[in-house]
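See below for the structure under consideration.
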Amino acid sequence: MMRARFKQIATALEIRPALVGTLSTLLLLIIWSIWASEAKGMHSSFVGPLELLRRLYLLATEGYGGTSLWVHIGASLFRTGAGFIAGAIVGICVGMAMGYSSIISSALAPFFSFIRPIPPIAYIPLVIMSFGIGEFSKIVLIFLASFLYVALNTAAGVRAVPQELIRVARSLGTSNFRLFYAVILPEALPYVMLGLKVALALSWAVVVAAELVAAQAGLGYLIMDAGTFFRIPDLYVGILLIGLIGLMLERGLTLFERRFVHWSGK
Amino acid sequence: MADFTRKIASLETAVPTPDDIAVSLDGVGHWFDGPSGRTQTLSHVNVQIKTGEFFTVLGPSGCGKTTLLNIVGGFIEAKAGDVAIFGKPVSGPGPDRGVIFQSYALFRWLSVLKNVEFALHHRKFPKAERADVALQYLNLVGLQDFRHHYPYQLSGGMKQRVAIARALAADPKILLMDEPFAALDSQMRELLQEELLEIWQRTRKTVFFITHSVDEAVFLSTRICVMSANPGRTKALLTNDLPRPRADYRARSTAAFQENKERILGLIRDEVHPNRTWGPLP
């Protein structure tokens, strides 16, 4: 009797992943709140969820370090956007060329294999030395971080275009140029999207790392500064915002994908 | 060098092909060189297909029949012999030969209508008319109500209908079909065979059809080329005298149909195991 009832509940939960996710989040928030109120005064570095919300409101209205919170967020987003878009455009072009020509692919393969295991943050000292601590060096860094994954995925996508699809297009009297932009590019799009998603997540992580090292604004600068001056609640808010904005960027690309690559995988 | 002189020689002695020869294969051979030596896939294939014929190449897998279609389509070059379409040597794929593959090869990011419109591009139709013309071709395969669907929303049979409409929309003189119905279930296959016959009778295209199904070959063709494997060569060229119209399910149960089928099956059977002996197994 009891077991049957449990089984019923388990089945009901299995088909409602969103509900389970919400419940687990709520549970975590409750445990966190209770813990925070119990531990009050013991650890100055421990902040509860309500305190966090209050600080977020304060930061949003009064700003941080004399600068509006939106300027910090905007600075991080601008760097990510500029570097990511540049990296995506160049990455798609280079990837197309690599997918098209096995000679170009073979010529570039050693460099790509060598660069791939290097974490982009390893370039931070180098780009600061070469391009200074201004915006440009951060954009170059994001470009380097995103370019590789977009190029490699695009090349894989072009290579995965079925031969029969190209043959059909050729038999329909399709010119070389049209074959490229009206057949190969759309067919490779699911791969390109995968590369863009990985590249954007990495770009967002790298921009925060770059701002930790050298910046006058941005979310990375905010958490570094808050940590240095023991403004612990602000540090938490910074981390929260980095997580939330990263999530929103990912969701944005997913929406774009659902709109334009809805046919993929079906 | 030898190949070059042979080509020169064939130019000098070339007899002009009559206009009604759609596809001419003269001593066509193909091979590939692997680590264990040369594998001959096609050897001395001589076939002349007349305009308006429904010509079927029938053979077991590995007999080089797909290679033959790729050579006629201009996707690969024959390593020996001459291939001509309406008297002109084949130098690559072109809109005079439409292809239909087993895998449909539809543009999955385009709607059914846009897939067909793609084929109208080279015919220089004004943009405003393309949708209208494409719809007429969809009408031919009975899919006008599915014009806004995407390929992933269609069944296998419907996808192949779209592929046929798209190939016809480019207005080719010859349709090259590589086992187009092999992936469909048997009911859908028979239905599409009937539809294809009706389309062929209406449009009078020359069809170059590849299959491994004797049933399919007998039901559809005017002539059947039975191929043998290793290396692929023409074993027999048969005229299929099954009475028309055949686009009827009852055509398959007639005595003439069974007779033609048995004749071909006999040819193929002594091909597969010509003199097999049964002995005790070790």
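Each chain in the structure tokens gets a letter, A, B, ..., in the order shown, and its residues are numbered from 1; ligands are numbered from 1 in order too.
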
Near chain B, which residues of chain A fall within 8 Å when you count only C-alpha atoms, and what do they look like as a PyMOL selection string? chain A and resi 164-165+167-168+170-174+183+186-187+261+263+266

Could you write out that same residue set with all heavy atoms as a short mmCIF file (atom, residue, chain, number, x, y, z; two decimals), in the first residue's frame?
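Everything below was put into again_2.cif:
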data_model
loop_
_atom_site.label_atom_id
_atom_site.label_comp_id
_atom_site.auth_asym_id
_atom_site.auth_seq_id
_atom_site.Cartn_x
_atom_site.Cartn_y
_atom_site.Cartn_z
N GLU A 164 26.23 12.81 -50.87
CA GLU A 164 25.06 12.74 -51.75
C GLU A 164 24.33 14.08 -51.83
O GLU A 164 23.77 14.42 -52.86
CB GLU A 164 24.12 11.64 -51.26
CG GLU A 164 24.74 10.28 -51.42
CD GLU A 164 23.80 9.14 -51.11
OE1 GLU A 164 22.78 9.37 -50.44
OE2 GLU A 164 24.09 8.01 -51.54
N LEU A 165 24.39 14.83 -50.73
CA LEU A 165 23.74 16.15 -50.72
C LEU A 165 24.43 17.08 -51.72
O LEU A 165 23.77 17.81 -52.47
CB LEU A 165 23.82 16.73 -49.31
CG LEU A 165 22.76 17.74 -48.94
CD1 LEU A 165 21.40 17.10 -48.89
CD2 LEU A 165 23.08 18.38 -47.61
N ARG A 167 26.18 16.08 -54.27
CA ARG A 167 25.94 15.56 -55.62
C ARG A 167 24.57 15.96 -56.15
O ARG A 167 24.42 16.33 -57.31
CB ARG A 167 26.09 14.03 -55.62
CG ARG A 167 27.55 13.64 -55.47
CD ARG A 167 27.76 12.16 -55.49
NE ARG A 167 29.20 11.88 -55.58
CZ ARG A 167 29.73 10.67 -55.54
NH1 ARG A 167 28.96 9.62 -55.42
NH2 ARG A 167 31.03 10.50 -55.63
N VAL A 168 23.57 15.88 -55.27
CA VAL A 168 22.22 16.30 -55.67
C VAL A 168 22.25 17.78 -56.08
O VAL A 168 21.75 18.15 -57.13
CB VAL A 168 21.20 16.07 -54.54
CG1 VAL A 168 19.96 16.92 -54.75
CG2 VAL A 168 20.81 14.61 -54.47
N ARG A 170 24.71 19.60 -57.11
CA ARG A 170 25.44 19.78 -58.37
C ARG A 170 24.56 19.39 -59.56
O ARG A 170 24.59 20.04 -60.59
CB ARG A 170 26.69 18.92 -58.38
CG ARG A 170 27.80 19.46 -57.52
CD ARG A 170 29.07 19.60 -58.36
NE ARG A 170 30.16 20.13 -57.57
CZ ARG A 170 30.44 21.42 -57.48
NH1 ARG A 170 29.71 22.31 -58.13
NH2 ARG A 170 31.45 21.84 -56.76
N SER A 171 23.78 18.31 -59.40
CA SER A 171 22.92 17.87 -60.49
C SER A 171 21.74 18.80 -60.70
O SER A 171 21.03 18.68 -61.68
CB SER A 171 22.38 16.47 -60.21
OG SER A 171 23.44 15.59 -60.06
N LEU A 172 21.51 19.71 -59.74
CA LEU A 172 20.44 20.69 -59.92
C LEU A 172 21.01 21.96 -60.54
O LEU A 172 20.35 23.00 -60.56
CB LEU A 172 19.77 21.00 -58.59
CG LEU A 172 19.03 19.83 -57.93
CD1 LEU A 172 18.53 20.21 -56.55
CD2 LEU A 172 17.87 19.35 -58.78
N GLY A 173 22.24 21.89 -61.03
CA GLY A 173 22.85 23.03 -61.71
C GLY A 173 23.30 24.12 -60.76
O GLY A 173 23.27 25.30 -61.10
N THR A 174 23.71 23.74 -59.55
CA THR A 174 24.12 24.72 -58.55
C THR A 174 25.57 25.17 -58.78
O THR A 174 26.45 24.33 -58.95
CB THR A 174 24.00 24.10 -57.14
OG1 THR A 174 22.72 23.50 -57.03
CG2 THR A 174 24.16 25.15 -56.06
N VAL A 183 24.06 25.39 -49.41
CA VAL A 183 24.00 23.97 -49.07
C VAL A 183 24.98 23.63 -47.94
O VAL A 183 24.57 23.15 -46.89
CB VAL A 183 24.30 23.08 -50.32
CG1 VAL A 183 24.29 21.62 -49.94
CG2 VAL A 183 23.29 23.36 -51.42
N PRO A 186 24.46 25.93 -44.43
CA PRO A 186 23.33 25.51 -43.58
C PRO A 186 23.44 24.08 -43.05
O PRO A 186 23.08 23.81 -41.92
CB PRO A 186 22.10 25.68 -44.48
CG PRO A 186 22.61 25.90 -45.84
CD PRO A 186 24.00 26.38 -45.76
N GLU A 187 23.97 23.17 -43.88
CA GLU A 187 24.09 21.78 -43.43
C GLU A 187 25.08 21.68 -42.27
O GLU A 187 24.93 20.83 -41.38
CB GLU A 187 24.51 20.89 -44.61
CG GLU A 187 24.71 19.42 -44.30
CD GLU A 187 23.44 18.67 -43.92
OE1 GLU A 187 22.34 19.12 -44.28
OE2 GLU A 187 23.55 17.63 -43.24
N VAL A 261 17.87 26.42 -36.18
CA VAL A 261 18.38 25.07 -36.46
C VAL A 261 17.40 24.05 -35.90
O VAL A 261 17.78 23.01 -35.41
CB VAL A 261 19.81 24.89 -35.88
CG1 VAL A 261 20.55 23.79 -36.61
CG2 VAL A 261 20.62 26.17 -36.00
N TRP A 263 15.61 22.02 -37.17
CA TRP A 263 15.55 20.76 -37.90
C TRP A 263 16.68 19.82 -37.50
O TRP A 263 16.72 18.66 -37.91
CB TRP A 263 15.63 21.03 -39.40
CG TRP A 263 16.61 22.10 -39.74
CD1 TRP A 263 16.34 23.44 -39.86
CD2 TRP A 263 18.01 21.97 -39.94
NE1 TRP A 263 17.48 24.13 -40.14
CE2 TRP A 263 18.52 23.26 -40.19
CE3 TRP A 263 18.89 20.89 -39.93
CZ2 TRP A 263 19.87 23.50 -40.43
CZ3 TRP A 263 20.22 21.13 -40.17
CH2 TRP A 263 20.71 22.42 -40.41
N LYS A 266 16.70 15.79 -35.96
CA LYS A 266 15.38 15.19 -36.11
C LYS A 266 15.31 14.37 -37.39
O LYS A 266 16.03 14.63 -38.31
CB LYS A 266 14.32 16.28 -36.14
CG LYS A 266 14.11 16.89 -34.76
CD LYS A 266 13.06 17.99 -34.85
CE LYS A 266 12.88 18.69 -33.52
NZ LYS A 266 12.20 19.97 -33.67
#

Contacts of Glu53 (chain B) within 9 Å, only C-alpha atoms, excl. fewer than 6 positions in-chain, as a PyMOL selection string: chain B and resi 22+204-208+221-223

Save out the residues we just selected, all heavy atoms, as an mmCIF file, in the first residue's frame.
data_model
loop_
_atom_site.group_PDB
_atom_site.id
_atom_site.type_symbol
_atom_site.label_atom_id
_atom_site.label_comp_id
_atom_site.auth_asym_id
_atom_site.auth_seq_id
_atom_site.Cartn_x
_atom_site.Cartn_y
_atom_site.Cartn_z
ATOM 1 N N ALA B 22 20.156 8.337 -75.424
ATOM 2 C CA ALA B 22 20.295 9.230 -74.284
ATOM 3 C C ALA B 22 21.617 8.996 -73.566
ATOM 4 O O ALA B 22 22.361 9.922 -73.268
ATOM 5 C CB ALA B 22 19.123 9.037 -73.319
ATOM 6 N N ARG B 204 7.715 11.335 -69.719
ATOM 7 C CA ARG B 204 8.530 10.725 -70.755
ATOM 8 C C ARG B 204 10.019 11.032 -70.591
ATOM 9 O O ARG B 204 10.730 11.299 -71.555
ATOM 10 C CB ARG B 204 8.054 11.147 -72.156
ATOM 11 C CG ARG B 204 6.832 10.377 -72.619
ATOM 12 C CD ARG B 204 7.227 8.949 -72.922
ATOM 13 N NE ARG B 204 6.087 8.023 -72.769
ATOM 14 C CZ ARG B 204 6.216 6.707 -72.890
ATOM 15 N NH1 ARG B 204 7.385 6.168 -73.142
ATOM 16 N NH2 ARG B 204 5.174 5.934 -72.721
ATOM 17 N N LYS B 205 10.469 11.034 -69.336
ATOM 18 C CA LYS B 205 11.898 11.179 -69.073
ATOM 19 C C LYS B 205 12.573 9.841 -69.334
ATOM 20 O O LYS B 205 11.938 8.784 -69.218
ATOM 21 C CB LYS B 205 12.145 11.564 -67.607
ATOM 22 C CG LYS B 205 11.457 12.841 -67.163
ATOM 23 C CD LYS B 205 12.201 14.059 -67.603
ATOM 24 C CE LYS B 205 11.480 15.315 -67.124
ATOM 25 N NZ LYS B 205 11.887 16.490 -67.892
ATOM 26 N N THR B 206 13.843 9.893 -69.651
ATOM 27 C CA THR B 206 14.623 8.667 -69.696
ATOM 28 C C THR B 206 15.024 8.341 -68.261
ATOM 29 O O THR B 206 15.478 9.225 -67.542
ATOM 30 C CB THR B 206 15.891 8.873 -70.548
ATOM 31 O OG1 THR B 206 15.503 9.417 -71.803
ATOM 32 C CG2 THR B 206 16.640 7.582 -70.748
ATOM 33 N N VAL B 207 14.825 7.092 -67.852
ATOM 34 C CA VAL B 207 15.161 6.733 -66.473
ATOM 35 C C VAL B 207 16.281 5.695 -66.470
ATOM 36 O O VAL B 207 16.238 4.709 -67.209
ATOM 37 C CB VAL B 207 13.931 6.195 -65.705
ATOM 38 C CG1 VAL B 207 14.315 5.810 -64.283
ATOM 39 C CG2 VAL B 207 12.811 7.217 -65.684
ATOM 40 N N PHE B 208 17.283 5.969 -65.654
ATOM 41 C CA PHE B 208 18.380 5.033 -65.424
ATOM 42 C C PHE B 208 18.261 4.611 -63.970
ATOM 43 O O PHE B 208 18.516 5.392 -63.063
ATOM 44 C CB PHE B 208 19.715 5.742 -65.698
ATOM 45 C CG PHE B 208 20.922 4.858 -65.585
ATOM 46 C CD1 PHE B 208 21.377 4.133 -66.683
ATOM 47 C CD2 PHE B 208 21.635 4.774 -64.401
ATOM 48 C CE1 PHE B 208 22.501 3.332 -66.585
ATOM 49 C CE2 PHE B 208 22.758 3.966 -64.298
ATOM 50 C CZ PHE B 208 23.198 3.246 -65.391
ATOM 51 N N SER B 221 10.672 -1.709 -65.619
ATOM 52 C CA SER B 221 11.557 -1.397 -66.747
ATOM 53 C C SER B 221 11.002 -1.693 -68.118
ATOM 54 O O SER B 221 10.123 -2.532 -68.292
ATOM 55 C CB SER B 221 12.852 -2.184 -66.587
ATOM 56 O OG SER B 221 13.167 -2.367 -65.249
ATOM 57 N N THR B 222 11.596 -1.016 -69.094
ATOM 58 C CA THR B 222 11.439 -1.439 -70.476
ATOM 59 C C THR B 222 12.577 -2.392 -70.826
ATOM 60 O O THR B 222 12.393 -3.334 -71.573
ATOM 61 C CB THR B 222 11.475 -0.243 -71.454
ATOM 62 O OG1 THR B 222 12.675 0.491 -71.250
ATOM 63 C CG2 THR B 222 10.286 0.666 -71.252
ATOM 64 N N ARG B 223 13.766 -2.099 -70.269
ATOM 65 C CA ARG B 223 14.903 -3.005 -70.489
ATOM 66 C C ARG B 223 15.657 -3.196 -69.178
ATOM 67 O O ARG B 223 15.735 -2.287 -68.362
ATOM 68 C CB ARG B 223 15.846 -2.434 -71.548
ATOM 69 C CG ARG B 223 15.553 -3.022 -72.921
ATOM 70 C CD ARG B 223 16.730 -2.925 -73.840
ATOM 71 N NE ARG B 223 17.273 -1.579 -73.926
ATOM 72 C CZ ARG B 223 18.501 -1.347 -74.370
ATOM 73 N NH1 ARG B 223 19.296 -2.349 -74.731
ATOM 74 N NH2 ARG B 223 18.943 -0.104 -74.452
#

Residue contacts of Lys235 (chain B) (7 Å, only C-alpha atoms) excluding same-chain residues fewer than 6 positions away, as a PyMOL selection string: chain B and resi 226-228

Write to file, as a PDB file, in the first residue's frame, the residues of the selection just made, with C-alpha atoms.
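Just written: result03.pdb:
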ATOM      1  CA  VAL B 226      21.589  -7.915 -65.362  1.00  0.00           C
ATOM      2  CA  MET B 227      25.056  -7.440 -63.921  1.00  0.00           C
ATOM      3  CA  SER B 228      27.464  -9.922 -62.411  1.00  0.00           C
TER       4      SER B 228
END

Would you list the contacts of Glu259 (chain B) as a PDB file with C-alpha atoms, in the first residue's frame, taking every protein, DNA or RNA residue within 12 Å and counting only C-alpha atoms, but skipping same-chain residues closer than 5 positions in sequence?
ATOM      1  CA  VAL B 214      14.148  -8.503 -59.385  1.00  0.00           C
ATOM      2  CA  ASP B 215      10.519  -7.721 -58.625  1.00  0.00           C
ATOM      3  CA  VAL B 218      10.420  -6.420 -63.812  1.00  0.00           C
ATOM      4  CA  PHE B 219       7.598  -4.173 -62.651  1.00  0.00           C
ATOM      5  CA  ASN B 240      11.038  -6.586 -70.528  1.00  0.00           C
ATOM      6  CA  ASP B 241       7.895  -7.242 -72.537  1.00  0.00           C
ATOM      7  CA  LEU B 242       5.476  -7.142 -69.598  1.00  0.00           C
ATOM      8  CA  ARG B 252       2.394  -8.273 -60.146  1.00  0.00           C
ATOM      9  CA  SER B 253       0.237 -11.369 -59.995  1.00  0.00           C
ATOM     10  CA  THR B 254       0.053 -12.006 -63.734  1.00  0.00           C
ATOM     11  CA  ILE B 264      16.037 -13.267 -64.372  1.00  0.00           C
ATOM     12  CA  LEU B 265      16.244 -15.194 -61.111  1.00  0.00           C
ATOM     13  CA  GLY B 266      17.577 -18.165 -63.071  1.00  0.00           C
TER      14      GLY B 266
END

Counting only C-alpha atoms, the residue of A:Gln8, A:Thr67, A:Ser175, A:Thr80 that sits nearest Ala199 (chain A): A:Thr80

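Closest approach to Val158 (chain A) among A:Leu108, A:Ala97, A:Leu219, A:Met248: A:Ala97, based on only C-alpha atoms.
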
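Residue nearest Ala247 (chain B), chosen from B:Leu267, B:Leu197, B:Gly232, B:Cys225 and counting only C-alpha atoms: B:Leu197.
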
Considering only C-alpha atoms, return as a VMD selection string whatever protein or nucleic-acid residues lie within 9 Å of Ile239 (chain A), sequence-local ones (same chain, fewer than 3 positions apart) excluded. chain A and resid 219 to 220 223 234 to 236 242 to 244

Store the residues picked out above in a file with C-alpha atoms, as a PDB file, in the first residue's frame.
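Done, and the output landed in selection_8.pdb:
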ATOM      1  CA  LEU A 219      32.396  41.815 -12.805  1.00  0.00           C
ATOM      2  CA  GLY A 220      35.840  40.231 -12.468  1.00  0.00           C
ATOM      3  CA  ILE A 223      34.853  40.447  -7.111  1.00  0.00           C
ATOM      4  CA  ASP A 234      29.552  42.089  -2.533  1.00  0.00           C
ATOM      5  CA  LEU A 235      31.886  39.258  -3.483  1.00  0.00           C
ATOM      6  CA  TYR A 236      28.953  36.842  -3.283  1.00  0.00           C
ATOM      7  CA  ILE A 242      28.530  36.005 -13.153  1.00  0.00           C
ATOM      8  CA  GLY A 243      26.579  32.764 -12.852  1.00  0.00           C
ATOM      9  CA  LEU A 244      23.243  34.314 -13.793  1.00  0.00           C
TER      10      LEU A 244
END
